[in-house]
Amino acid sequence: MSIYWVRFQGDSAAEAMNAIAEALRHDEHGVVPDQEQAPPAPPADNSQVSSDGDRYLQANVQAMRTLWSIDPMQVELPSDRRFLVRLGVHLQHWIRRLTRWYFMTPWLQANEFHAAVTRVIDVLLVRQQQLQQELHEYQYRLQATEQQVQLLRNELALSRQQLMEIRQQQALYQNIAE
């Protein structure tokens with residue numbers, strides 16, 4: 001699964017779709033939007049992605065934690081200052097207010113789903129970190145065990161060498177005694 005962040009100029013859905021198609025065509029993942037632009041809805045931050053190679057994952061997890069909530073009444077004013085464009089945005093907002101009773105249930109369901117997915121991903125990240133910690137502990141134990149095995153092999157080799165010397169001395173003394 002890949003996440004693409006697409007920025008485009010304009011207010012039309014066609015321009016947005018063209019920007020998305022272009023990003024997919026060139027496999028450009030883009031940059032996570034600045035936190036000042038995101039709505040303030042941060043869930044509890046239970047985990048941190050610790051691996052240095054996971055900066056992309058960390059940026060997307062942070063964006064997920066910040067952007068999981070859907071606000072059905074949020075109005076984003078266009079950058080275009082023309083009267084008709086602004087009037088269209090206000091008309092959309094007015095229509096949303098009139099149809100709120102109809103769309104509120106799906107919006108609440110989507111919000112609950114996004115919150116649940118965010119919580120599950122947080123739990124999975126914590127579990128992954130625990131498993132990674134256990135793996136590092138097992139690697140450390142394996143390394144320590146390999147060192148102990150090497151020391152025991154060295155001691156065994158020394159013991160065999162001493163045993164051979166003792167047998168040679170014993171054979172020498174038996175030859176002298178005969």
# chains A, B, ... in the order shown; residues from 1 in each chain; ligands from 1
>>> residues_around(residues="Phe113 in chain A", least_positions_apart="5", cutoff="12 Å", atoms="only C-alpha atoms", output="PyMOL selection string")
chain A and resi 68-70+106-108+118-120
